[in-house]
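Below: protein.tsv (TSV, C-alpha atoms)
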chain	number	residue	atom	x	y	z
A	1	MET	CA	72.77	53.45	27.81
A	2	SER	CA	69.19	52.88	29.03
A	3	TYR	CA	66.23	55.03	28.03
A	4	LYS	CA	62.72	55.52	29.41
A	5	THR	CA	60.83	56.41	26.24
A	6	ILE	CA	62.84	55.02	23.33
A	7	GLU	CA	64.58	51.80	22.33
A	8	VAL	CA	67.89	51.88	20.49
A	9	THR	CA	69.05	48.92	18.42
A	10	GLU	CA	72.64	49.17	17.29
A	11	LYS	CA	73.33	47.41	14.00
A	12	PRO	CA	76.60	47.60	12.06
A	13	GLY	CA	76.87	51.25	11.03
A	14	VAL	CA	73.21	52.01	11.78
A	15	TRP	CA	71.21	52.83	14.89
A	16	ILE	CA	67.48	52.08	14.81
A	17	VAL	CA	65.61	54.25	17.30
A	18	CYS	CA	62.06	53.28	18.22
A	19	LEU	CA	59.64	55.61	20.00
A	20	ASN	CA	58.47	53.44	22.88
A	21	ARG	CA	55.31	54.82	24.47
A	22	PRO	CA	52.75	52.69	22.60
A	23	ARG	CA	50.05	53.08	25.27
A	24	LYS	CA	50.30	56.84	24.75
A	25	TYR	CA	50.52	56.41	20.96
A	26	ASN	CA	54.18	57.47	21.18
A	27	ALA	CA	53.27	60.99	22.26
A	28	TYR	CA	56.26	63.18	23.05
A	29	ASP	CA	56.59	63.88	26.76
A	30	MET	CA	59.52	65.81	28.24
A	31	ASP	CA	61.64	62.67	28.59
A	32	MET	CA	61.14	61.69	24.95
A	33	TYR	CA	62.13	65.11	23.66
A	34	THR	CA	65.30	64.94	25.74
A	35	GLU	CA	66.15	61.34	24.87
A	36	ILE	CA	65.72	61.83	21.11
A	37	ARG	CA	67.91	64.92	21.29
A	38	ASP	CA	70.56	63.02	23.24
A	39	VAL	CA	70.58	59.95	20.99
A	40	LEU	CA	71.01	62.18	17.92
A	41	HIS	CA	73.99	63.84	19.59
A	42	SER	CA	75.44	60.45	20.53
A	43	ALA	CA	75.04	59.09	17.01
A	44	ASN	CA	76.65	62.24	15.61
A	45	ASP	CA	79.67	61.74	17.86
A	46	GLU	CA	80.02	57.99	17.28
A	47	PRO	CA	82.39	57.40	14.31
A	48	SER	CA	80.97	53.94	13.58
A	49	VAL	CA	77.44	55.28	12.99
A	50	LYS	CA	76.62	56.06	9.37
A	51	ALA	CA	72.87	56.47	9.68
A	52	LEU	CA	69.99	56.63	12.13
A	53	ILE	CA	66.50	55.28	11.47
A	54	LEU	CA	63.53	56.53	13.52
A	55	THR	CA	60.30	54.55	13.84
A	56	GLY	CA	57.56	53.90	16.41
A	57	LYS	CA	56.37	50.92	18.43
A	58	GLY	CA	52.80	49.78	18.03
A	59	LYS	CA	50.12	51.16	15.74
A	60	TYR	CA	51.22	54.82	15.81
A	61	PHE	CA	54.38	56.52	14.63
A	62	SER	CA	53.66	59.40	17.01
A	63	SER	CA	50.56	61.23	18.21
A	64	GLY	CA	52.65	64.39	18.63
A	65	ASN	CA	53.17	66.51	21.70
A	66	ASP	CA	51.74	65.00	24.89
A	67	LEU	CA	49.37	67.78	25.89
A	68	SER	CA	49.34	66.48	29.46
A	69	ASN	CA	52.70	68.28	29.65
A	70	PHE	CA	50.60	71.42	30.17
A	71	LEU	CA	48.94	69.86	33.23
A	72	GLN	CA	52.25	70.04	35.08
A	73	VAL	CA	51.85	73.77	35.57
A	74	ASP	CA	49.23	76.02	37.18
A	75	VAL	CA	47.94	77.87	34.13
A	76	SER	CA	46.35	80.51	36.35
A	77	ASN	CA	49.81	81.50	37.61
A	78	LYS	CA	51.12	83.75	34.84
A	79	GLN	CA	54.73	83.76	36.06
A	80	GLN	CA	54.81	79.99	36.43
A	81	MET	CA	53.23	79.59	33.00
A	82	LEU	CA	55.77	81.97	31.43
A	83	GLU	CA	58.69	80.03	32.97
A	84	PHE	CA	57.21	76.74	31.80
A	85	ALA	CA	56.68	78.10	28.27
A	86	GLN	CA	60.24	79.44	28.08
A	87	GLN	CA	61.69	76.12	29.31
A	88	SER	CA	59.55	74.23	26.81
A	89	GLY	CA	60.63	76.58	24.03
A	90	ASP	CA	64.29	76.02	24.88
A	91	MET	CA	63.75	72.26	24.96
A	92	LEU	CA	62.00	72.30	21.58
A	93	TYR	CA	64.74	74.47	20.09
A	94	GLU	CA	67.43	72.00	21.22
A	95	PHE	CA	65.37	69.04	20.00
A	96	VAL	CA	64.93	70.49	16.50
A	97	ASP	CA	68.52	71.75	16.43
A	98	ALA	CA	69.73	68.17	16.92
A	99	PHE	CA	67.94	67.22	13.67
A	100	ILE	CA	69.25	70.28	11.82
A	101	ARG	CA	72.86	69.54	12.79
A	102	PHE	CA	72.72	65.76	12.36
A	103	LYS	CA	75.71	64.86	10.17
A	104	LYS	CA	74.70	61.29	9.34
A	105	ILE	CA	71.93	59.94	7.09
A	106	LEU	CA	68.54	60.27	8.82
A	107	ILE	CA	65.66	58.02	7.77
A	108	GLY	CA	62.06	57.98	9.00
A	109	ALA	CA	60.07	54.75	8.98
A	110	VAL	CA	56.48	55.86	9.58
A	111	ASN	CA	54.69	52.78	10.88
A	112	GLY	CA	51.30	54.39	11.47
A	113	PRO	CA	49.47	57.70	12.04
A	114	ALA	CA	51.65	60.75	12.69
A	115	VAL	CA	50.52	63.97	14.37
A	116	GLY	CA	52.14	67.31	15.22
A	117	ILE	CA	55.88	67.08	15.90
A	118	GLY	CA	55.74	63.54	14.51
A	119	VAL	CA	54.90	65.11	11.15
A	120	SER	CA	56.67	68.46	11.17
A	121	SER	CA	60.07	66.97	12.01
A	122	LEU	CA	59.89	64.60	9.01
A	123	ALA	CA	60.79	67.46	6.67
A	124	LEU	CA	64.28	67.44	8.25
A	125	PHE	CA	64.91	63.78	7.34
A	126	ASP	CA	66.90	62.59	4.33
A	127	LEU	CA	64.43	59.82	3.49
A	128	VAL	CA	60.94	59.04	4.78
A	129	TYR	CA	59.22	55.72	4.14
A	130	SER	CA	55.68	55.00	5.31
A	131	VAL	CA	53.00	52.36	5.50
A	132	SER	CA	50.20	53.08	3.05
A	133	ASP	CA	47.49	53.47	5.71
A	134	ALA	CA	49.36	56.12	7.73
A	135	THR	CA	47.85	59.59	8.09
A	136	PHE	CA	49.60	62.93	8.68
A	137	LEU	CA	48.03	65.74	10.70
A	138	THR	CA	49.35	69.05	12.08
A	139	PRO	CA	46.48	70.57	14.14
A	140	PHE	CA	48.47	73.65	15.15
A	141	MET	CA	45.77	76.23	14.40
A	142	ALA	CA	43.03	74.22	16.14
A	143	LEU	CA	45.17	74.19	19.29
A	144	GLY	CA	45.95	77.90	19.12
A	145	GLN	CA	49.60	77.21	18.28
A	146	SER	CA	51.93	77.76	15.32
A	147	PRO	CA	54.33	75.75	13.10
A	148	GLU	CA	57.42	74.08	14.54
A	149	ALA	CA	60.50	72.07	13.50
A	150	CYS	CA	61.20	74.43	10.57
A	151	SER	CA	57.94	73.37	8.93
A	152	SER	CA	57.13	77.03	8.19
A	153	LEU	CA	60.00	76.83	5.69
A	154	ARG	CA	60.50	73.17	4.85
A	155	PHE	CA	56.86	72.33	4.16
A	156	TYR	CA	56.56	75.11	1.59
A	157	GLU	CA	59.84	74.04	0.00
A	158	LEU	CA	58.53	70.48	-0.32
A	159	MET	CA	54.82	70.97	-0.94
A	160	GLY	CA	54.29	74.45	-2.30
A	161	PRO	CA	50.77	75.79	-1.59
A	162	ARG	CA	49.62	72.40	-0.24
A	163	ALA	CA	51.61	73.24	2.89
A	164	THR	CA	48.89	75.76	3.75
A	165	GLU	CA	46.31	72.97	3.63
A	166	MET	CA	48.26	71.03	6.24
A	167	LEU	CA	49.73	73.78	8.45
A	168	VAL	CA	46.88	76.32	8.40
A	169	LEU	CA	43.71	74.48	7.45
A	170	GLY	CA	44.69	71.40	9.44
A	171	LYS	CA	43.87	68.99	6.63
A	172	LYS	CA	44.69	65.38	7.43
A	173	PHE	CA	46.88	63.99	4.67
A	174	SER	CA	46.69	60.38	3.60
A	175	ALA	CA	49.95	58.55	2.95
A	176	GLN	CA	49.30	59.05	-0.78
A	177	ASP	CA	48.85	62.79	-0.18
A	178	ALA	CA	52.13	62.86	1.72
A	179	LEU	CA	53.85	60.97	-1.10
A	180	GLU	CA	52.54	63.36	-3.75
A	181	SER	CA	53.61	66.32	-1.56
A	182	ASN	CA	57.20	65.01	-1.24
A	183	LEU	CA	56.96	64.63	2.54
A	184	VAL	CA	57.14	60.84	2.08
A	185	HIS	CA	59.29	59.16	-0.53
A	186	LYS	CA	57.95	55.58	-0.72
A	187	LEU	CA	54.92	53.64	0.53
A	188	PHE	CA	54.63	50.07	1.77
A	189	PRO	CA	51.48	47.98	2.25
A	190	ASP	CA	52.18	47.09	5.90
A	191	GLN	CA	54.69	47.31	8.73
A	192	GLN	CA	56.28	44.00	7.81
A	193	SER	CA	57.23	45.14	4.31
A	194	LEU	CA	58.30	48.55	5.66
A	195	TYR	CA	60.70	47.01	8.16
A	196	ALA	CA	61.99	44.54	5.58
A	197	GLU	CA	62.98	47.52	3.41
A	198	ILE	CA	64.52	49.27	6.42
A	199	ASP	CA	66.65	46.20	7.14
A	200	GLN	CA	67.82	46.16	3.53
A	201	ILE	CA	68.67	49.87	3.62
A	202	ALA	CA	70.56	49.41	6.90
A	203	ASN	CA	72.59	46.64	5.30
A	204	THR	CA	73.34	48.79	2.23
A	205	LEU	CA	74.41	51.77	4.33
A	206	SER	CA	76.65	49.63	6.53
A	207	GLN	CA	78.74	48.75	3.47
A	208	LEU	CA	79.18	52.29	2.15
A	209	PRO	CA	82.33	54.39	2.85
A	210	PRO	CA	81.60	56.52	5.94
A	211	THR	CA	83.50	59.62	4.81
A	212	SER	CA	81.70	59.70	1.47
A	213	LEU	CA	78.37	59.59	3.31
A	214	LEU	CA	79.44	62.46	5.57
A	215	VAL	CA	80.55	64.55	2.59
A	216	ALA	CA	77.32	63.88	0.70
A	217	LYS	CA	75.28	65.08	3.67
A	218	ARG	CA	77.57	68.06	4.32
A	219	LEU	CA	77.31	69.32	0.75
A	220	ARG	CA	73.55	69.52	1.06
A	221	ASN	CA	73.42	70.57	4.70
A	222	ASN	CA	76.17	73.16	4.38
A	223	PRO	CA	76.90	75.88	6.98
A	224	GLU	CA	74.72	78.43	5.19
A	225	ARG	CA	71.77	76.04	5.15
A	226	ILE	CA	72.29	75.13	8.82
A	227	ALA	CA	72.33	78.83	9.72
A	228	GLN	CA	69.11	79.40	7.77
A	229	LEU	CA	67.31	76.50	9.44
A	230	SER	CA	68.61	77.52	12.86
A	231	GLU	CA	67.18	81.01	12.42
A	232	VAL	CA	63.81	79.57	11.37
A	233	ASN	CA	63.87	77.25	14.37
A	234	ARG	CA	64.60	80.17	16.70
A	235	ARG	CA	61.76	82.27	15.29
A	236	GLU	CA	59.28	79.40	15.47
A	237	CYS	CA	60.19	78.60	19.09
A	238	ASP	CA	59.93	82.27	20.10
A	239	GLU	CA	56.47	82.46	18.53
A	240	LEU	CA	55.41	79.26	20.29
A	241	VAL	CA	56.45	80.60	23.68
A	242	GLU	CA	54.18	83.56	23.04
A	243	ARG	CA	51.39	81.28	21.85
A	244	TRP	CA	51.65	78.94	24.85
A	245	THR	CA	51.22	81.84	27.26
A	246	SER	CA	48.20	83.24	25.41
A	247	GLU	CA	44.65	82.82	26.64
A	248	GLU	CA	43.66	81.72	23.13
A	249	CYS	CA	46.07	78.78	23.16
A	250	MET	CA	45.33	77.67	26.74
A	251	GLN	CA	41.59	77.71	26.07
A	252	ALA	CA	42.04	75.63	22.91
A	253	ILE	CA	44.17	73.07	24.78
A	254	MET	CA	41.73	72.89	27.71
A	255	ASN	CA	38.85	72.36	25.28
A	256	PHE	CA	40.80	69.55	23.63
A	257	MET	CA	41.61	67.92	26.99
A	258	MET	CA	37.96	68.10	28.05
A	259	ARG	CA	36.87	66.38	24.84
A	260	LYS	CA	39.33	63.56	25.56
A	261	ARG	CA	37.92	62.85	29.04
A	262	PRO	CA	35.87	59.65	29.22
A	263	LYS	CA	32.14	60.17	29.66
A	264	LEU	CA	30.69	58.95	33.00
Written as structure tokens, how would this file's structure read?
Amino acid sequence: MSYKTIEVTEKPGVWIVCLNRPRKYNAYDMDMYTEIRDVLHSANDEPSVKALILTGKGKYFSSGNDLSNFLQVDVSNKQQMLEFAQQSGDMLYEFVDAFIRFKKILIGAVNGPAVGIGVSSLALFDLVYSVSDATFLTPFMALGQSPEACSSLRFYELMGPRATEMLVLGKKFSAQDALESNLVHKLFPDQQSLYAEIDQIANTLSQLPPTSLLVAKRLRNNPERIAQLSEVNRRECDELVERWTSEECMQAIMNFMMRKRPKL
């Protein structure tokens, strides 16, 4: 299957998925949200797949949500904006739900800076490895938005009060900060050593009994836990729809887009 925004490398027992919008710093546009959701579903349904590894092409892991998505709609048209926000909320819900319900081992290989959804979704992974010069930023408050990808629950489970520094105060975490906060599990000096470790892990996983791997994941991600995360995901997406249609949020996004414009 061909994709527009990702590359999928199929190794024995393991799919390696690479975010492939390096010129946009692997920002999530509508196509990328959909393609990541679909590849997670495909890997779930493929009996030969034991694990999926997600990484990024180029210098960035992901710069988060592509805010130019908001330029596709006339923000002065309240009905059009409401429909766009509801569609985006549904898309985000399905995207995050694919991570929540992923039955195989899910590993993140953070090859560079991560922002927004590129950070918040990491708390749904089984393992996260990172280069030592990566940074982690969730600027939700600065953009008039709110937490996503179950981070309102998972970050506090992992980090305790430090989650407030990231989610509310918008503090940029270093890779060492992320390691000490349990968001990341191991650091590597560069991309080469990171990918060497990923290759070794892929080889190890390919030799393990598939049913035992499924059971191990299922015991931790049991039906009660899936229901809990699904409810959090629903609440977060509902809040975001409200945020996206608010004047406060639109003004914050427009201010951000204006700052990004090149000076003449």
Atom CA of Arg162 of chain A to atom CA of Phe61 of chain A, straight-line distance in Å: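 Atom CA of Phe61 of chain A sits 22.3 Å away from atom CA of Arg162 of chain A.
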Shell of 12 Å around Ile105 of chain A, all atoms listed in the file, local chain residues under 6 positions omitted, as a PyMOL selection string: chain A and resi 13-16+40+43-44+49-54+99+124-128+201-202+205-206+208+210-218+220-221
Excluding Gly160 of chain A and residues on its chain fewer than 6 positions from it, collect all residues at most 12 Å away from it, counting all atoms listed in the file, and give them as a PDB file with C-alpha atoms, keeping the file's coordinate frame.
ATOM      1  CA  SER A 151      57.940  73.370   8.930  1.00  0.00           C
ATOM      2  CA  SER A 152      57.130  77.030   8.190  1.00  0.00           C
ATOM      3  CA  LEU A 153      60.000  76.830   5.690  1.00  0.00           C
ATOM      4  CA  ARG A 154      60.500  73.170   4.850  1.00  0.00           C
ATOM      5  CA  MET A 166      48.260  71.030   6.240  1.00  0.00           C
ATOM      6  CA  LEU A 167      49.730  73.780   8.450  1.00  0.00           C
ATOM      7  CA  GLU A 180      52.540  63.360  -3.750  1.00  0.00           C
ATOM      8  CA  SER A 181      53.610  66.320  -1.560  1.00  0.00           C
ATOM      9  CA  ASN A 182      57.200  65.010  -1.240  1.00  0.00           C
ATOM     10  CA  LEU A 183      56.960  64.630   2.540  1.00  0.00           C
TER      11      LEU A 183
END
Set the distance at 12 Å and use all atoms listed in the file: which residues neighbour Asp66 of chain A once local chain neighbours fewer than 4 positions away are removed? I'd like the list as a compact mmCIF listing (two decimals) with C-alpha atoms, in the coordinates of the input.
# COMPACT_ATOMS: atom_id res chain seq x y z
CA ARG A 21 55.31 54.82 24.47
CA LYS A 24 50.30 56.84 24.75
CA TYR A 25 50.52 56.41 20.96
CA ASN A 26 54.18 57.47 21.18
CA ALA A 27 53.27 60.99 22.26
CA TYR A 28 56.26 63.18 23.05
CA ASP A 29 56.59 63.88 26.76
CA MET A 30 59.52 65.81 28.24
CA ASP A 31 61.64 62.67 28.59
CA MET A 32 61.14 61.69 24.95
CA TYR A 33 62.13 65.11 23.66
CA SER A 62 53.66 59.40 17.01
CA PHE A 70 50.60 71.42 30.17
CA LEU A 71 48.94 69.86 33.23
CA GLN A 72 52.25 70.04 35.08
CA VAL A 115 50.52 63.97 14.37
CA GLY A 116 52.14 67.31 15.22
CA ILE A 117 55.88 67.08 15.90
CA GLY A 118 55.74 63.54 14.51
CA ILE A 253 44.17 73.07 24.78
CA PHE A 256 40.80 69.55 23.63
CA MET A 257 41.61 67.92 26.99
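Counting all atoms listed in the file, the residue from A:Leu67, A:Ile107, A:Val241, A:Leu187 that sits nearest to Met81 of chain A is A:Val241.
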Length of the atom CA of Thr138 of chain A to atom CA of Glu165 of chain A vector [Å]: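 Distance between the two atoms: 9.8 Å.
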Return the padded bounding box of segment 13-31 of chain A as AutoDock Vina command-line options: axis-aligned, built from all atoms listed in the file, 3 Å added on each side, with centre and edge lengths in Å to one decimal.
--center_x 63.5 --center_y 58.5 --center_z 19.8 --size_x 32.8 --size_y 20.6 --size_z 23.6
Atomic separation - atom CA of Gly56 of chain A relative to atom CA of Cys150 of chain A, Å: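 Going from atom CA of Cys150 of chain A over to atom CA of Gly56 of chain A covers 21.7 Å.
The protein and nucleic acid residues lying at most 12 Å from Thr34 of chain A are Tyr3, Lys4, Thr5, Ile6, Tyr28, Asp29, Met30, Asp31, Met32, Ile36, Arg37, Asp38, Val39, Leu40, His41, Ser88, Asp90, Met91, Leu92, Tyr93, Glu94, Phe95, Val96, Asp97 and Ala98 of chain A, with only C-alpha atoms considered and sequence neighbours fewer than 2 positions away removed.
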From A:Pro139, A:Leu82, A:Ser174, A:Ile100, residue lying nearest Ala227 of chain A [only C-alpha atoms]: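 Smallest distance to Ala227 of chain A is found for A:Ile100.
Checking A:Met1, A:Val119, A:Ala142, A:Cys18 one by one against Met254 of chain A, counting all atoms listed in the file, you find the shortest gap at A:Ala142.
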Close residues, Trp244 of chain A itself excluded, 8 Å, all atoms listed in the file, min 4 positions apart in chain, as JSON, numbers by chain: {"A": [85, 145, 240, 249, 250]}
Nearest to His185 of chain A by atom-to-atom distance, counting only C-alpha atoms, from A:Ala114, A:Glu35, A:Val131, A:Tyr60: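 So, comparing all the options, the nearest one is A:Val131.
Each of A:Asn233, A:Ser130, A:Ser2, A:Gln87 was checked against Ser146 of chain A using all atoms listed in the file; the smallest atom-to-atom distance is that of A:Asn233.
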Pick from A:Ser120, A:Gln251, A:Ser63, A:Asn77, whichever lies nearest to Arg23 of chain A using only C-alpha atoms: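 Smallest separation from Arg23 of chain A among the options: A:Ser63.
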Completion step: segment 29-54 of chain A with N, CA, C and O atoms as a PDB file, in the frame of the given file:
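The resulting result.pdb:
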ATOM      1  N   ASP A  29      56.526  63.197  25.476  1.00  0.00           N
ATOM      2  CA  ASP A  29      56.590  63.880  26.760  1.00  0.00           C
ATOM      3  C   ASP A  29      57.979  64.508  26.906  1.00  0.00           C
ATOM      4  O   ASP A  29      58.811  64.424  25.987  1.00  0.00           O
ATOM      5  N   MET A  30      58.246  65.121  28.044  1.00  0.00           N
ATOM      6  CA  MET A  30      59.520  65.810  28.240  1.00  0.00           C
ATOM      7  C   MET A  30      60.705  64.856  28.101  1.00  0.00           C
ATOM      8  O   MET A  30      61.742  65.196  27.509  1.00  0.00           O
ATOM      9  N   ASP A  31      60.550  63.653  28.652  1.00  0.00           N
ATOM     10  CA  ASP A  31      61.640  62.670  28.590  1.00  0.00           C
ATOM     11  C   ASP A  31      61.951  62.272  27.139  1.00  0.00           C
ATOM     12  O   ASP A  31      63.117  62.142  26.762  1.00  0.00           O
ATOM     13  N   MET A  32      60.904  62.107  26.331  1.00  0.00           N
ATOM     14  CA  MET A  32      61.140  61.690  24.950  1.00  0.00           C
ATOM     15  C   MET A  32      61.846  62.773  24.147  1.00  0.00           C
ATOM     16  O   MET A  32      62.777  62.482  23.378  1.00  0.00           O
ATOM     17  N   TYR A  33      61.431  64.020  24.339  1.00  0.00           N
ATOM     18  CA  TYR A  33      62.130  65.110  23.660  1.00  0.00           C
ATOM     19  C   TYR A  33      63.623  65.085  24.001  1.00  0.00           C
ATOM     20  O   TYR A  33      64.487  65.200  23.125  1.00  0.00           O
ATOM     21  N   THR A  34      63.908  64.920  25.283  1.00  0.00           N
ATOM     22  CA  THR A  34      65.300  64.940  25.740  1.00  0.00           C
ATOM     23  C   THR A  34      66.070  63.730  25.230  1.00  0.00           C
ATOM     24  O   THR A  34      67.225  63.853  24.791  1.00  0.00           O
ATOM     25  N   GLU A  35      65.448  62.562  25.264  1.00  0.00           N
ATOM     26  CA  GLU A  35      66.150  61.340  24.870  1.00  0.00           C
ATOM     27  C   GLU A  35      66.410  61.289  23.367  1.00  0.00           C
ATOM     28  O   GLU A  35      67.477  60.825  22.933  1.00  0.00           O
ATOM     29  N   ILE A  36      65.471  61.768  22.557  1.00  0.00           N
ATOM     30  CA  ILE A  36      65.720  61.830  21.110  1.00  0.00           C
ATOM     31  C   ILE A  36      66.845  62.807  20.813  1.00  0.00           C
ATOM     32  O   ILE A  36      67.751  62.522  20.008  1.00  0.00           O
ATOM     33  N   ARG A  37      66.815  63.963  21.459  1.00  0.00           N
ATOM     34  CA  ARG A  37      67.910  64.920  21.290  1.00  0.00           C
ATOM     35  C   ARG A  37      69.256  64.280  21.638  1.00  0.00           C
ATOM     36  O   ARG A  37      70.235  64.383  20.882  1.00  0.00           O
ATOM     37  N   ASP A  38      69.302  63.596  22.773  1.00  0.00           N
ATOM     38  CA  ASP A  38      70.560  63.020  23.240  1.00  0.00           C
ATOM     39  C   ASP A  38      71.056  61.892  22.344  1.00  0.00           C
ATOM     40  O   ASP A  38      72.264  61.767  22.102  1.00  0.00           O
ATOM     41  N   VAL A  39      70.133  61.063  21.831  1.00  0.00           N
ATOM     42  CA  VAL A  39      70.580  59.950  20.990  1.00  0.00           C
ATOM     43  C   VAL A  39      71.068  60.462  19.639  1.00  0.00           C
ATOM     44  O   VAL A  39      72.001  59.890  19.045  1.00  0.00           O
ATOM     45  N   LEU A  40      70.497  61.563  19.151  1.00  0.00           N
ATOM     46  CA  LEU A  40      71.010  62.180  17.920  1.00  0.00           C
ATOM     47  C   LEU A  40      72.415  62.722  18.138  1.00  0.00           C
ATOM     48  O   LEU A  40      73.296  62.546  17.286  1.00  0.00           O
ATOM     49  N   HIS A  41      72.648  63.349  19.274  1.00  0.00           N
ATOM     50  CA  HIS A  41      73.990  63.840  19.590  1.00  0.00           C
ATOM     51  C   HIS A  41      74.976  62.686  19.699  1.00  0.00           C
ATOM     52  O   HIS A  41      76.105  62.758  19.179  1.00  0.00           O
ATOM     53  N   SER A  42      74.553  61.604  20.355  1.00  0.00           N
ATOM     54  CA  SER A  42      75.440  60.450  20.530  1.00  0.00           C
ATOM     55  C   SER A  42      75.789  59.808  19.193  1.00  0.00           C
ATOM     56  O   SER A  42      76.946  59.455  18.945  1.00  0.00           O
ATOM     57  N   ALA A  43      74.788  59.665  18.326  1.00  0.00           N
ATOM     58  CA  ALA A  43      75.040  59.090  17.010  1.00  0.00           C
ATOM     59  C   ALA A  43      75.945  59.980  16.179  1.00  0.00           C
ATOM     60  O   ALA A  43      76.798  59.497  15.420  1.00  0.00           O
ATOM     61  N   ASN A  44      75.783  61.289  16.314  1.00  0.00           N
ATOM     62  CA  ASN A  44      76.650  62.240  15.610  1.00  0.00           C
ATOM     63  C   ASN A  44      78.106  62.063  16.025  1.00  0.00           C
ATOM     64  O   ASN A  44      79.016  62.179  15.198  1.00  0.00           O
ATOM     65  N   ASP A  45      78.315  61.807  17.323  1.00  0.00           N
ATOM     66  CA  ASP A  45      79.670  61.740  17.860  1.00  0.00           C
ATOM     67  C   ASP A  45      80.305  60.358  17.733  1.00  0.00           C
ATOM     68  O   ASP A  45      81.507  60.216  17.980  1.00  0.00           O
ATOM     69  N   GLU A  46      79.506  59.357  17.378  1.00  0.00           N
ATOM     70  CA  GLU A  46      80.020  57.990  17.280  1.00  0.00           C
ATOM     71  C   GLU A  46      80.524  57.723  15.853  1.00  0.00           C
ATOM     72  O   GLU A  46      79.737  57.654  14.914  1.00  0.00           O
ATOM     73  N   PRO A  47      81.844  57.559  15.663  1.00  0.00           N
ATOM     74  CA  PRO A  47      82.390  57.400  14.310  1.00  0.00           C
ATOM     75  C   PRO A  47      81.839  56.193  13.541  1.00  0.00           C
ATOM     76  O   PRO A  47      81.776  56.231  12.314  1.00  0.00           O
ATOM     77  N   SER A  48      81.436  55.153  14.255  1.00  0.00           N
ATOM     78  CA  SER A  48      80.970  53.940  13.580  1.00  0.00           C
ATOM     79  C   SER A  48      79.561  54.085  13.005  1.00  0.00           C
ATOM     80  O   SER A  48      79.141  53.281  12.171  1.00  0.00           O
ATOM     81  N   VAL A  49      78.825  55.102  13.435  1.00  0.00           N
ATOM     82  CA  VAL A  49      77.440  55.280  12.990  1.00  0.00           C
ATOM     83  C   VAL A  49      77.412  56.037  11.660  1.00  0.00           C
ATOM     84  O   VAL A  49      77.949  57.137  11.548  1.00  0.00           O
ATOM     85  N   LYS A  50      76.768  55.430  10.677  1.00  0.00           N
ATOM     86  CA  LYS A  50      76.620  56.060   9.370  1.00  0.00           C
ATOM     87  C   LYS A  50      75.217  56.620   9.146  1.00  0.00           C
ATOM     88  O   LYS A  50      75.016  57.512   8.328  1.00  0.00           O
ATOM     89  N   ALA A  51      74.255  56.051   9.880  1.00  0.00           N
ATOM     90  CA  ALA A  51      72.870  56.470   9.680  1.00  0.00           C
ATOM     91  C   ALA A  51      72.059  56.154  10.929  1.00  0.00           C
ATOM     92  O   ALA A  51      72.420  55.295  11.735  1.00  0.00           O
ATOM     93  N   LEU A  52      70.944  56.886  11.062  1.00  0.00           N
ATOM     94  CA  LEU A  52      69.990  56.630  12.130  1.00  0.00           C
ATOM     95  C   LEU A  52      68.606  56.521  11.519  1.00  0.00           C
ATOM     96  O   LEU A  52      68.231  57.327  10.659  1.00  0.00           O
ATOM     97  N   ILE A  53      67.859  55.513  11.956  1.00  0.00           N
ATOM     98  CA  ILE A  53      66.500  55.280  11.470  1.00  0.00           C
ATOM     99  C   ILE A  53      65.549  55.442  12.642  1.00  0.00           C
ATOM    100  O   ILE A  53      65.749  54.854  13.711  1.00  0.00           O
ATOM    101  N   LEU A  54      64.503  56.270  12.462  1.00  0.00           N
ATOM    102  CA  LEU A  54      63.530  56.530  13.520  1.00  0.00           C
ATOM    103  C   LEU A  54      62.183  55.931  13.145  1.00  0.00           C
ATOM    104  O   LEU A  54      61.671  56.169  12.052  1.00  0.00           O
TER     105      LEU A  54
END
